[in-house]
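In what follows, a single structure is set out as structure tokens and then discussed.
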Amino acid sequence: MTVYLLRRLIQAAGVVLAMSLLVFLGVYAIGDPVEILISPDADQIERERAIRSLGLDLPLWEQYLVFLGKALQGDLGRSFVFNEPALRLILDRMPATLELAVGATVAAIIIGLPLGLYAGLRPDSAASKAIMAGSILGFSLPTFWVGLMLIMVFAVQLGWLPSTGRGETVEVLGVRWSFLTWNGLSHMILPAINLSLFKISLVIRLTRAGVREAMLMDYVKFARAKGLSPNRVVFVHVFKNILIPVVTVVGLEFGGTIAFSVVTESIFAWPGMGKLIIDSINVLDRPVMVAYLMVIVLMFVVINLAVDITYTVLDPRVRLEGKA
Amino acid sequence: MAGKAHAAAGALLSALVLAPGDARAQQAALTMAVGAPVTSLDPHYHQLSPNNAAASMIFDRLVNTDHQSRMIPGLATEWRAVEPTVWEFKLRPGVRFHNGQEFTADDVAFTIARVPNVPNSPSSFAIYTRPIREVQVVDPLTIRFRTETPYPLMPMDMSNLFILDRQTHEGAATEDFNGGRVAIGTGPFRVVSHRNGDRIEFERNDAYWGDRPAFARVNYRMITNDAARTAALLAGDVEFIDQVPTSDLAKLRGDQRVTLSEATGMRIIFLGLDHMRTDASPFVTDNNGQPIPRNPLRDVRVRRALSIAIDRHAIVDRVMEGAATPAGQYLPAGIYSHVPGLEAPRADPEAARRLLAEAGFPQGFRIQLNGPNDRYINDARIIQAVGQMWTRIGVRTAVEAQPWSTFIGRAGRQEFSAFLIGWGSNPEGSHPLRNLSATWSRERGWGASNRGRYSNPELDRMIELALTELDDAKRERILQDAQRLAMEDVAIIPLHIQTNIWAMRRNLAHTARADELTRAQDVRPATAAASR
């Protein structure tokens with residue numbers, strides 16, 4: 001296990017380094033941040049000052065080396081726009097995104113698993129067909145449209161929930177969380193639902209397919225023949241076996257939710273990382289873009305590792321040593 | 001129904017949360033949402049409209065501007081040029097900063113010294129302090145600025161600089177402002193808290209020297225998505241929004257719960273043309289797709305034809321839903337140095353075709369019109385409309401819209417033949433003239449936004465004359481002549497001037513500003529009794 005972890009860490013470092021080069025080159029190939037950030041009033045002298053002040057007068061390779069040198073000391077650069085360390089900006093926004101992503105993922109599991117299980121066990125019932133039809137909608141409706149519809153119905157028409165923004169927050173361990181007050185929670189509901197619709201559908205479909213497949217397997221027949229109760233067959237034997245693909249997908253989806261909940265965060269004016277990155281892209285705030293992508297790369301590396309470890313817990317046949 | 005639900009939610013809320021704020025506090029509070037995020041509370045870090053709007057709630061300038069961008073006394077009560085190269089500002093007595101520090105001439109001197117030295121500034125305010133050669137504190141309430149040459153724009157430059165306090169802000173970094181710790185000015189509001197890119201909470205400065213704002217507390221939120229901002233207003237989560245999308249105008253005008261306020265802005269939307277190349281222009285070809293060896297856009301008859309081919313009224317009515325004014329010059333009516341009688345050219349495709357024929361293009365030519373698609377109101381649709389109008393006179397036009405972040409860099413490198421762009425003016429003709437149409441010159445600092453590289457020595461001479469003329473009436477005449485000349489020569493093709501639109505719940509009223517700034521001190525209850 002230790003050897004495996006070590007090897008994984010070295011791999012991860014390689015991935016991160018390669019990504020830093022790709023990201024840096026990619027981000028620095030688009031546009032001219034000074035043209036965007038500078039006041040139209042600025043004359044040529046002021047423009048040149050701004051270029052120097054942002055370090056854009058250096059050749060690209062030198063800019064990259066400066067970036068790399070600082071990154072090794074944990075400094076991913078200063079935002080052009082906010083004049084604050086890019087990493088701190090991102091970490092400041094991370095709790096907001098995290099709680100939304102966790103909320104959405106929990107909703108996906110709590111709602112998706114039982115529905116998928118039911119649809120798998122009774123594939124021909126009317127309710128199952130309704131669930132499957134609903135999951136198609138969850139897949140195919142675009143997030144921005146669903147988000148706006150949620151706002152129109154629940155905030156504008158019914159007035160049940162607030163339309164946008166993050167509500168009251170409570171500080172716990174120096175981090176502000178909003179799920180601890182009713183006001184904060186009520187602000188979270190609509191964006192979390194919006195984020196989770198796709199995931200719920202995904203979990204339903206995966207679970208259903210898994211159950212349908214597992215029910216025909218010999219071990220299930222054997223368990224039944226052995227006289228085990230139907231509940232035990234389903235919740236112990238079937239359930240454990242279908243969880244592997246579900247865990248994989250939910251894990252990767254969780255990463256995707258944290259990294260790319262851009263649309264939902266913009267529509268609901270949710271002050272998370274997704275909103276930060278889209279605002280930063282619009283004004284070509286390169287340090288924030290690069291830092292953000294680096295954070296995301298790191299996060300995916302960690303999540304993948306966590307998923308692999310979960311496998312061994314769920315399925316003793318998966319041996320980490322053998323795989324690496 | 002909605003009211004009941006609100007009441008129920010409210011009851012639930014007060015049952016669950018300890019101190020949700022009582023009803024009286026609710027009435028004295030205003031929640032507003034702006035479309036463009038405030039990125040810094042340091043008033044000298046980034047010259048950017050949203051930042052200036054927030055700053056003008058917290059800080060004051062020597063010279064403030066009213067809703068029509070006319071200069072009015074701010075922290076200075078009067079100003080005059082005591083010598084051709086010396087400006088004197090008399091300061092307002094008895095003004096205090098939010099932390100009780102007294103405001104004096106020394107603070108102005110400190111501000112002038114700080115402005116060029118804000119580290120990492122992506123767009124500094126130093127352009128407004130550069131003409132000052134020497135600052136002289138005459139007495140605690142009098143300050144003088146000496147310049148190299150006579151400089152009539154000094155009061156206007158001062159209307160862009162927010163004044164800080166030497167005691168409070170000596171050594172303060174941009175981060176200290178953003179954290180709210182030293183976001184301390186003399187303005188009508190003080191900062192309670194600031195969450196970057198999300199919201200700023202203000203409370204009224206009861207010791208303010210000027211008009212007392214109507215609201216004791218202000219929640220200044222940033223909702224960048226247009227549809228979400230409108231929805232938040234309709235849902236009652238916010239009471240006031242800016243940058244109302246034109247597509248929502250019809251709906252909001254018919255809604256009993258909201259009311260709109262509008263003002264003709266100072267932002268002109270225009271087309272720039274490639275004046276630089278004498279040989280082939282990159283996106284101009286003949287009708288067979290072959291490059292034309294001489295750039296037709298250098299011929300004033302072609303430029304005039306392209307200008308009068310455009311039906312500006314149609315664009316304003318159909319594309320802009322009426323939220324703009326057709327333009328034939330840089331500045332809107334009612335602003336200093338606007339040229340009276342210089343109307344938006346009337347659309348005349350026949351005359352345009354004749355002009356093209358005279359210029360040697362009876363069959364027209366092909367051109368590509370570029371523009372941004374996420375910067376100005378309906379920008380991509382405007383260039384589509386212009387493309388059709390040009391095609392109608394035989395200039396077959398391809399249209400390409402792209403995101404501002406890639407567009408603006410290419411425009412700055414003179415990669416386009418024709419492009420749409422906007423310009424937010426100061427209320428002074430020399431401002432657009434010097435930046436947009438004067439010959440590009442690093443030494444003079446002119447033409448920095450002259451992306452088509454138009455050049456006319458006669459126009460340069462007139463601008464130079466205006467920039468050293470201290471007599472406002474004389475300067476206005478020179479500037480009007482200069483603008484006439486620039487328009488006669490079609491230095492740019494003006495399209496329209498945008499209307500700034502705000503929307504609010506019906507119980508509020510607002511003084512709409514030409515300069516686009518969204519500030520809480522401009523909002524008040526519609527009538528004293530109308531608060532719910």
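Chain identifiers are assigned as A, B, and so on, following the order in which chains appear in the structure tokens; residues are numbered from 1 within each chain, and ligands are numbered from 1 in order of appearance.
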Counting only C-alpha atoms, which residues of stretch 88-195 of chain A sit at most 6 Å from some atom of stretch 229-236 of chain B, and what is each one's closest atom pair with its distance in Å to one decimal, listed by chain and rising residue number, as CSV?
residue,atom,partner,partner_atom,distance
A:Ala155,CA,B:Ala235,CA,5.5
A:Val156,CA,B:Ala235,CA,4.1
A:Ser163,CA,B:Ala232,CA,5.5
Taking only C-alpha atoms into account and nothing else, which residues of chain A lie no more than 8 Å away from chain B? Please answer as JSON, numbers by chain.
{"A": [30, 31, 32, 33, 34, 35, 36, 37, 38, 39, 40, 41, 42, 43, 44, 45, 46, 47, 50, 51, 53, 54, 80, 81, 82, 83, 84, 148, 151, 152, 155, 156, 157, 158, 159, 160, 162, 163, 164, 165, 181, 182, 183, 266, 267, 268, 269, 270, 271, 276, 282, 283, 284]}
Could you dump the residues just selected with N, CA and C atoms as a short mmCIF file (atom, residue, chain, number, x, y, z; two decimals), in the first residue's frame?
data_model
loop_
_atom_site.label_atom_id
_atom_site.label_comp_id
_atom_site.auth_asym_id
_atom_site.auth_seq_id
_atom_site.Cartn_x
_atom_site.Cartn_y
_atom_site.Cartn_z
N ILE A 30 -3.93 33.32 -25.25
CA ILE A 30 -5.12 34.07 -25.62
C ILE A 30 -5.03 35.53 -25.21
N GLY A 31 -5.38 36.38 -26.14
CA GLY A 31 -5.67 37.77 -25.87
C GLY A 31 -4.56 38.56 -25.21
N ASP A 32 -4.90 39.76 -24.81
CA ASP A 32 -3.95 40.67 -24.22
C ASP A 32 -4.62 41.28 -23.00
N PRO A 33 -4.25 40.81 -21.79
CA PRO A 33 -4.95 41.28 -20.59
C PRO A 33 -4.87 42.79 -20.40
N VAL A 34 -3.75 43.38 -20.82
CA VAL A 34 -3.62 44.82 -20.59
C VAL A 34 -4.69 45.56 -21.39
N GLU A 35 -4.93 45.14 -22.63
CA GLU A 35 -5.95 45.80 -23.44
C GLU A 35 -7.31 45.74 -22.74
N ILE A 36 -7.54 44.65 -22.00
CA ILE A 36 -8.85 44.49 -21.37
C ILE A 36 -8.93 45.25 -20.05
N LEU A 37 -7.84 45.21 -19.30
CA LEU A 37 -7.90 45.78 -17.95
C LEU A 37 -7.69 47.28 -17.96
N ILE A 38 -6.98 47.78 -18.96
CA ILE A 38 -6.60 49.19 -18.92
C ILE A 38 -7.81 50.08 -19.17
N SER A 39 -7.83 51.19 -18.50
CA SER A 39 -8.89 52.16 -18.76
C SER A 39 -8.69 52.71 -20.16
N PRO A 40 -9.79 52.92 -20.90
CA PRO A 40 -9.64 53.45 -22.25
C PRO A 40 -8.95 54.81 -22.25
N ASP A 41 -9.00 55.51 -21.13
CA ASP A 41 -8.35 56.82 -21.02
C ASP A 41 -6.83 56.73 -21.10
N ALA A 42 -6.29 55.57 -20.78
CA ALA A 42 -4.86 55.47 -20.57
C ALA A 42 -4.09 55.78 -21.85
N ASP A 43 -3.01 56.54 -21.70
CA ASP A 43 -2.19 56.82 -22.88
C ASP A 43 -1.11 55.75 -23.02
N GLN A 44 -0.26 55.93 -24.02
CA GLN A 44 0.72 54.90 -24.34
C GLN A 44 1.69 54.64 -23.19
N ILE A 45 2.08 55.72 -22.51
CA ILE A 45 3.05 55.57 -21.41
C ILE A 45 2.44 54.72 -20.29
N GLU A 46 1.17 55.01 -20.00
CA GLU A 46 0.47 54.27 -18.94
C GLU A 46 0.30 52.80 -19.35
N ARG A 47 0.04 52.57 -20.63
CA ARG A 47 -0.09 51.19 -21.10
C ARG A 47 1.21 50.42 -20.91
N ALA A 50 1.68 49.56 -17.33
CA ALA A 50 0.84 48.45 -16.89
C ALA A 50 1.43 47.12 -17.35
N ILE A 51 1.94 47.08 -18.57
CA ILE A 51 2.53 45.85 -19.09
C ILE A 51 3.71 45.42 -18.21
N SER A 53 4.25 46.39 -15.11
CA SER A 53 3.79 46.15 -13.75
C SER A 53 3.19 44.74 -13.60
N LEU A 54 2.58 44.23 -14.66
CA LEU A 54 1.99 42.88 -14.60
C LEU A 54 3.00 41.82 -15.03
N PHE A 80 -4.38 39.89 -11.34
CA PHE A 80 -4.27 41.20 -11.96
C PHE A 80 -5.40 42.11 -11.49
N VAL A 81 -6.57 41.51 -11.28
CA VAL A 81 -7.78 42.29 -11.05
C VAL A 81 -7.92 42.67 -9.57
N PHE A 82 -7.66 41.71 -8.69
CA PHE A 82 -7.91 41.95 -7.27
C PHE A 82 -6.66 42.36 -6.51
N ASN A 83 -5.51 42.18 -7.13
CA ASN A 83 -4.23 42.45 -6.48
C ASN A 83 -4.11 41.67 -5.17
N GLU A 84 -4.57 40.43 -5.19
CA GLU A 84 -4.43 39.55 -4.04
C GLU A 84 -3.87 38.23 -4.54
N LEU A 148 -32.90 28.87 -14.60
CA LEU A 148 -33.78 30.03 -14.74
C LEU A 148 -35.23 29.67 -14.46
N ILE A 151 -35.78 29.48 -10.78
CA ILE A 151 -35.90 30.83 -10.22
C ILE A 151 -37.29 31.40 -10.52
N MET A 152 -37.71 31.24 -11.78
CA MET A 152 -39.00 31.81 -12.18
C MET A 152 -40.14 31.21 -11.34
N ALA A 155 -38.97 31.26 -6.99
CA ALA A 155 -38.64 32.55 -6.40
C ALA A 155 -39.59 33.64 -6.88
N VAL A 156 -39.79 33.73 -8.19
CA VAL A 156 -40.58 34.85 -8.71
C VAL A 156 -42.07 34.57 -8.56
N GLN A 157 -42.54 33.38 -9.03
CA GLN A 157 -43.98 33.10 -8.99
C GLN A 157 -44.46 32.74 -7.58
N LEU A 158 -43.83 31.76 -6.97
CA LEU A 158 -44.32 31.28 -5.68
C LEU A 158 -43.73 32.04 -4.51
N GLY A 159 -42.55 32.59 -4.71
CA GLY A 159 -41.92 33.34 -3.62
C GLY A 159 -41.51 32.48 -2.44
N TRP A 160 -41.29 31.19 -2.64
CA TRP A 160 -40.92 30.30 -1.53
C TRP A 160 -39.46 30.42 -1.14
N PRO A 162 -35.41 32.20 -1.96
CA PRO A 162 -34.71 33.35 -2.53
C PRO A 162 -34.16 33.01 -3.92
N SER A 163 -34.07 34.01 -4.78
CA SER A 163 -33.71 33.76 -6.18
C SER A 163 -32.21 33.53 -6.35
N THR A 164 -31.40 34.34 -5.71
CA THR A 164 -29.97 34.26 -5.99
C THR A 164 -29.17 34.56 -4.73
N GLY A 165 -27.89 34.32 -4.85
CA GLY A 165 -26.96 34.73 -3.81
C GLY A 165 -26.77 33.69 -2.73
N THR A 181 -27.50 27.81 8.81
CA THR A 181 -28.67 28.61 9.18
C THR A 181 -29.77 28.33 8.18
N TRP A 182 -31.00 28.57 8.60
CA TRP A 182 -32.12 28.33 7.69
C TRP A 182 -32.02 29.27 6.49
N ASN A 183 -31.68 30.53 6.76
CA ASN A 183 -31.54 31.48 5.67
C ASN A 183 -30.49 31.01 4.66
N SER A 266 -23.06 31.06 -11.86
CA SER A 266 -23.32 32.36 -12.50
C SER A 266 -24.78 32.72 -12.40
N ILE A 267 -25.64 31.75 -12.72
CA ILE A 267 -27.07 32.05 -12.74
C ILE A 267 -27.57 32.40 -11.35
N PHE A 268 -27.09 31.66 -10.34
CA PHE A 268 -27.58 31.91 -9.00
C PHE A 268 -26.70 32.89 -8.23
N ALA A 269 -25.81 33.57 -8.94
CA ALA A 269 -24.89 34.53 -8.31
C ALA A 269 -24.29 33.93 -7.04
N TRP A 270 -23.88 32.69 -7.13
CA TRP A 270 -23.30 31.98 -5.99
C TRP A 270 -21.81 32.27 -5.95
N PRO A 271 -21.33 32.88 -4.87
CA PRO A 271 -19.95 33.37 -4.88
C PRO A 271 -18.93 32.26 -4.71
N LEU A 276 -15.85 32.74 -9.92
CA LEU A 276 -14.56 33.42 -9.95
C LEU A 276 -13.85 33.12 -11.27
N ASN A 282 -13.22 36.20 -18.37
CA ASN A 282 -13.73 37.35 -19.11
C ASN A 282 -12.76 38.51 -19.13
N VAL A 283 -11.99 38.68 -18.06
CA VAL A 283 -11.05 39.80 -18.06
C VAL A 283 -9.60 39.31 -18.22
N LEU A 284 -9.44 38.04 -18.60
CA LEU A 284 -8.10 37.46 -18.80
C LEU A 284 -7.20 37.67 -17.57
#
Restricting to only C-alpha atoms, whichever of B:Ala55, B:Ile335, B:Leu260, B:Val137 is closest to B:Met71 is B:Ile335
All alpha helix (DSSP H) residues (DSSP, backbone) inside stretch 326-367 of chain B, as a PyMOL selection string
chain B and resi 349-358
Counting only C-alpha atoms, what is within 12 Å of stretch 174-180 of chain A, bar same-chain residues fewer than 3 positions away, as a PyMOL selection string?
(chain A and resi 91-100+102-103+165-171+183-189+192+270-272) or (chain B and resi 16-17+195)
Include N, CA and C atoms and write out the residues we just selected as an mmCIF file, in the first residue's frame.
data_model
loop_
_atom_site.group_PDB
_atom_site.id
_atom_site.type_symbol
_atom_site.label_atom_id
_atom_site.label_comp_id
_atom_site.auth_asym_id
_atom_site.auth_seq_id
_atom_site.Cartn_x
_atom_site.Cartn_y
_atom_site.Cartn_z
ATOM 1 N N LEU A 91 -9.113 29.779 -2.632
ATOM 2 C CA LEU A 91 -9.446 29.074 -1.390
ATOM 3 C C LEU A 91 -10.564 29.785 -0.636
ATOM 4 N N ASP A 92 -10.599 31.123 -0.744
ATOM 5 C CA ASP A 92 -11.693 31.880 -0.120
ATOM 6 C C ASP A 92 -13.048 31.457 -0.672
ATOM 7 N N ARG A 93 -13.062 31.172 -1.973
ATOM 8 C CA ARG A 93 -14.337 30.848 -2.611
ATOM 9 C C ARG A 93 -14.664 29.365 -2.511
ATOM 10 N N MET A 94 -13.671 28.567 -2.115
ATOM 11 C CA MET A 94 -13.861 27.123 -2.178
ATOM 12 C C MET A 94 -14.982 26.600 -1.272
ATOM 13 N N PRO A 95 -15.101 27.083 -0.030
ATOM 14 C CA PRO A 95 -16.166 26.537 0.816
ATOM 15 C C PRO A 95 -17.546 26.671 0.177
ATOM 16 N N ALA A 96 -17.797 27.814 -0.460
ATOM 17 C CA ALA A 96 -19.112 28.023 -1.073
ATOM 18 C C ALA A 96 -19.369 26.956 -2.133
ATOM 19 N N THR A 97 -18.358 26.697 -2.964
ATOM 20 C CA THR A 97 -18.518 25.697 -4.002
ATOM 21 C C THR A 97 -18.617 24.295 -3.417
ATOM 22 N N LEU A 98 -17.770 24.043 -2.394
ATOM 23 C CA LEU A 98 -17.764 22.715 -1.786
ATOM 24 C C LEU A 98 -19.119 22.361 -1.215
ATOM 25 N N GLU A 99 -19.716 23.306 -0.486
ATOM 26 C CA GLU A 99 -20.979 22.929 0.161
ATOM 27 C C GLU A 99 -22.071 22.726 -0.880
ATOM 28 N N LEU A 100 -21.977 23.476 -1.966
ATOM 29 C CA LEU A 100 -22.957 23.280 -3.030
ATOM 30 C C LEU A 100 -22.754 21.908 -3.686
ATOM 31 N N VAL A 102 -21.271 19.265 -2.395
ATOM 32 C CA VAL A 102 -21.627 18.193 -1.462
ATOM 33 C C VAL A 102 -23.139 18.048 -1.400
ATOM 34 N N GLY A 103 -23.819 19.194 -1.315
ATOM 35 C CA GLY A 103 -25.278 19.171 -1.282
ATOM 36 C C GLY A 103 -25.839 18.458 -2.494
ATOM 37 N N GLY A 165 -27.888 34.315 -4.851
ATOM 38 C CA GLY A 165 -26.957 34.734 -3.812
ATOM 39 C C GLY A 165 -26.773 33.695 -2.734
ATOM 40 N N ARG A 166 -25.831 33.976 -1.843
ATOM 41 C CA ARG A 166 -25.579 33.105 -0.719
ATOM 42 C C ARG A 166 -26.138 33.815 0.496
ATOM 43 N N GLY A 167 -26.839 33.095 1.345
ATOM 44 C CA GLY A 167 -27.500 33.730 2.484
ATOM 45 C C GLY A 167 -26.560 33.974 3.639
ATOM 46 N N GLU A 168 -27.132 33.970 4.831
ATOM 47 C CA GLU A 168 -26.316 34.183 6.020
ATOM 48 C C GLU A 168 -25.326 33.042 6.177
ATOM 49 N N THR A 169 -24.166 33.393 6.671
ATOM 50 C CA THR A 169 -23.167 32.350 6.878
ATOM 51 C C THR A 169 -22.754 32.335 8.343
ATOM 52 N N VAL A 170 -22.290 31.180 8.763
ATOM 53 C CA VAL A 170 -21.787 31.031 10.125
ATOM 54 C C VAL A 170 -20.333 30.624 10.017
ATOM 55 N N GLU A 171 -19.498 31.228 10.827
ATOM 56 C CA GLU A 171 -18.086 30.911 10.725
ATOM 57 C C GLU A 171 -17.745 29.738 11.636
ATOM 58 N N ASN A 183 -31.676 30.532 6.762
ATOM 59 C CA ASN A 183 -31.541 31.480 5.672
ATOM 60 C C ASN A 183 -30.495 31.013 4.656
ATOM 61 N N GLY A 184 -29.353 30.568 5.177
ATOM 62 C CA GLY A 184 -28.295 30.106 4.289
ATOM 63 C C GLY A 184 -28.734 28.868 3.525
ATOM 64 N N LEU A 185 -29.392 27.962 4.232
ATOM 65 C CA LEU A 185 -29.839 26.715 3.618
ATOM 66 C C LEU A 185 -30.866 27.006 2.514
ATOM 67 N N SER A 186 -31.764 27.952 2.791
ATOM 68 C CA SER A 186 -32.804 28.244 1.807
ATOM 69 C C SER A 186 -32.186 28.819 0.532
ATOM 70 N N HIS A 187 -31.073 29.536 0.676
ATOM 71 C CA HIS A 187 -30.393 30.040 -0.521
ATOM 72 C C HIS A 187 -29.727 28.914 -1.295
ATOM 73 N N MET A 188 -29.416 27.831 -0.566
ATOM 74 C CA MET A 188 -28.667 26.732 -1.198
ATOM 75 C C MET A 188 -29.562 25.800 -1.994
ATOM 76 N N ILE A 189 -30.849 25.750 -1.615
ATOM 77 C CA ILE A 189 -31.702 24.686 -2.157
ATOM 78 C C ILE A 189 -31.776 24.713 -3.682
ATOM 79 N N ALA A 192 -28.484 23.909 -5.521
ATOM 80 C CA ALA A 192 -28.094 22.521 -5.293
ATOM 81 C C ALA A 192 -28.965 21.580 -6.130
ATOM 82 N N TRP A 270 -23.882 32.687 -7.126
ATOM 83 C CA TRP A 270 -23.305 31.975 -5.995
ATOM 84 C C TRP A 270 -21.807 32.272 -5.952
ATOM 85 N N PRO A 271 -21.333 32.885 -4.873
ATOM 86 C CA PRO A 271 -19.949 33.373 -4.883
ATOM 87 C C PRO A 271 -18.925 32.263 -4.706
ATOM 88 N N GLY A 272 -18.919 31.303 -5.597
ATOM 89 C CA GLY A 272 -17.983 30.186 -5.487
ATOM 90 C C GLY A 272 -16.850 30.313 -6.494
ATOM 91 N N LEU B 16 -36.496 30.290 13.644
ATOM 92 C CA LEU B 16 -35.285 29.478 13.587
ATOM 93 C C LEU B 16 -34.013 30.269 13.878
ATOM 94 N N VAL B 17 -34.001 31.503 13.432
ATOM 95 C CA VAL B 17 -32.776 32.278 13.570
ATOM 96 C C VAL B 17 -32.964 33.274 14.696
ATOM 97 N N ARG B 195 -17.430 41.358 0.695
ATOM 98 C CA ARG B 195 -17.077 40.023 0.243
ATOM 99 C C ARG B 195 -16.844 40.113 -1.242
#
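Take atom CA of B:Ala512 and atom CA of B:Pro332: the distance between them is 15.3 Å.
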Can you list, as a PyMOL selection string, all residues belonging to stretch 135-178 of chain B that DSSP tags as strand (DSSP E or B)?
chain B and resi 135-139+142-147+162
Generate the output file for the selected residues, C-alpha atoms, as a compact mmCIF listing (two decimals), in the first residue's frame.
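As written to disk, result-v3.txt reads:
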# COMPACT_ATOMS: atom_id res chain seq x y z
CA VAL B 135 1.88 70.57 -5.35
CA GLN B 136 1.81 73.50 -2.99
CA VAL B 137 -0.16 73.44 0.27
CA VAL B 138 -0.92 77.14 0.80
CA ASP B 139 -2.89 76.71 4.01
CA THR B 142 -6.03 75.86 0.03
CA ILE B 143 -3.95 73.84 -2.39
CA ARG B 144 -2.28 74.76 -5.65
CA PHE B 145 -1.15 72.60 -8.56
CA ARG B 146 1.52 73.90 -10.90
CA THR B 147 1.64 72.55 -14.45
CA PHE B 162 -10.83 60.03 -4.77
Write out as an mmCIF file with C-alpha atoms, in the first residue's frame each polymer residue whose atoms come within 10 Å of B:Thr391, counting only C-alpha atoms; drop sequence neighbours fewer than 2 positions from it.
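Generated file (out_20.cif):
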data_model
loop_
_atom_site.group_PDB
_atom_site.id
_atom_site.type_symbol
_atom_site.label_atom_id
_atom_site.label_comp_id
_atom_site.auth_asym_id
_atom_site.auth_seq_id
_atom_site.Cartn_x
_atom_site.Cartn_y
_atom_site.Cartn_z
ATOM 1 C CA LEU B 306 -20.466 53.490 -45.571
ATOM 2 C CA ALA B 309 -25.672 53.497 -45.845
ATOM 3 C CA GLY B 364 -18.813 47.878 -54.604
ATOM 4 C CA PHE B 365 -16.356 45.535 -52.918
ATOM 5 C CA ARG B 366 -16.222 42.979 -50.127
ATOM 6 C CA ILE B 367 -15.374 43.660 -46.536
ATOM 7 C CA ALA B 385 -27.615 44.876 -39.049
ATOM 8 C CA VAL B 386 -24.813 47.098 -40.321
ATOM 9 C CA GLY B 387 -23.569 44.242 -42.501
ATOM 10 C CA GLN B 388 -26.952 43.975 -44.194
ATOM 11 C CA MET B 389 -27.138 47.721 -44.731
ATOM 12 C CA ILE B 393 -25.276 49.457 -51.271
ATOM 13 C CA GLY B 394 -23.046 46.857 -52.885
ATOM 14 C CA VAL B 395 -20.391 46.500 -50.192
ATOM 15 C CA ARG B 396 -20.830 42.797 -49.564
ATOM 16 C CA THR B 397 -20.157 42.389 -45.878
ATOM 17 C CA ALA B 398 -19.211 39.342 -43.874
#
Name the residues in contact with B:Ala526 at a cut-off of 6 Å, using only C-alpha atoms, excluding same-chain residues fewer than 3 positions from it; report them as a PyMOL selection string.
chain B and resi 507-509
Save the residues we just selected, C-alpha atoms, as a PDB file, in the first residue's frame?
ATOM      1  CA  ASN B 507     -41.780  52.271  -4.034  1.00  0.00           C
ATOM      2  CA  LEU B 508     -38.363  53.625  -5.021  1.00  0.00           C
ATOM      3  CA  ALA B 509     -37.196  56.558  -7.110  1.00  0.00           C
TER       4      ALA B 509
END
Set the distance at 6 Å and use only C-alpha atoms: which residues neighbour B:Thr31 once local chain neighbours fewer than 5 positions away are removed? I'd like the list as a PDB file with N, CA and C atoms, in the first residue's frame.
ATOM      1  N   VAL B 218     -27.209  49.703   3.300  1.00  0.00           N
ATOM      2  CA  VAL B 218     -27.283  49.327   1.896  1.00  0.00           C
ATOM      3  C   VAL B 218     -26.541  48.015   1.692  1.00  0.00           C
ATOM      4  N   ASN B 219     -27.220  47.090   1.038  1.00  0.00           N
ATOM      5  CA  ASN B 219     -26.593  45.832   0.664  1.00  0.00           C
ATOM      6  C   ASN B 219     -26.367  45.889  -0.843  1.00  0.00           C
ATOM      7  N   VAL B 238     -34.012  41.679  -4.410  1.00  0.00           N
ATOM      8  CA  VAL B 238     -33.324  42.956  -4.473  1.00  0.00           C
ATOM      9  C   VAL B 238     -34.364  43.984  -4.905  1.00  0.00           C
ATOM     10  N   GLU B 239     -34.100  45.237  -4.540  1.00  0.00           N
ATOM     11  CA  GLU B 239     -35.108  46.259  -4.845  1.00  0.00           C
ATOM     12  C   GLU B 239     -34.685  47.149  -5.993  1.00  0.00           C
TER      13      GLU B 239
END
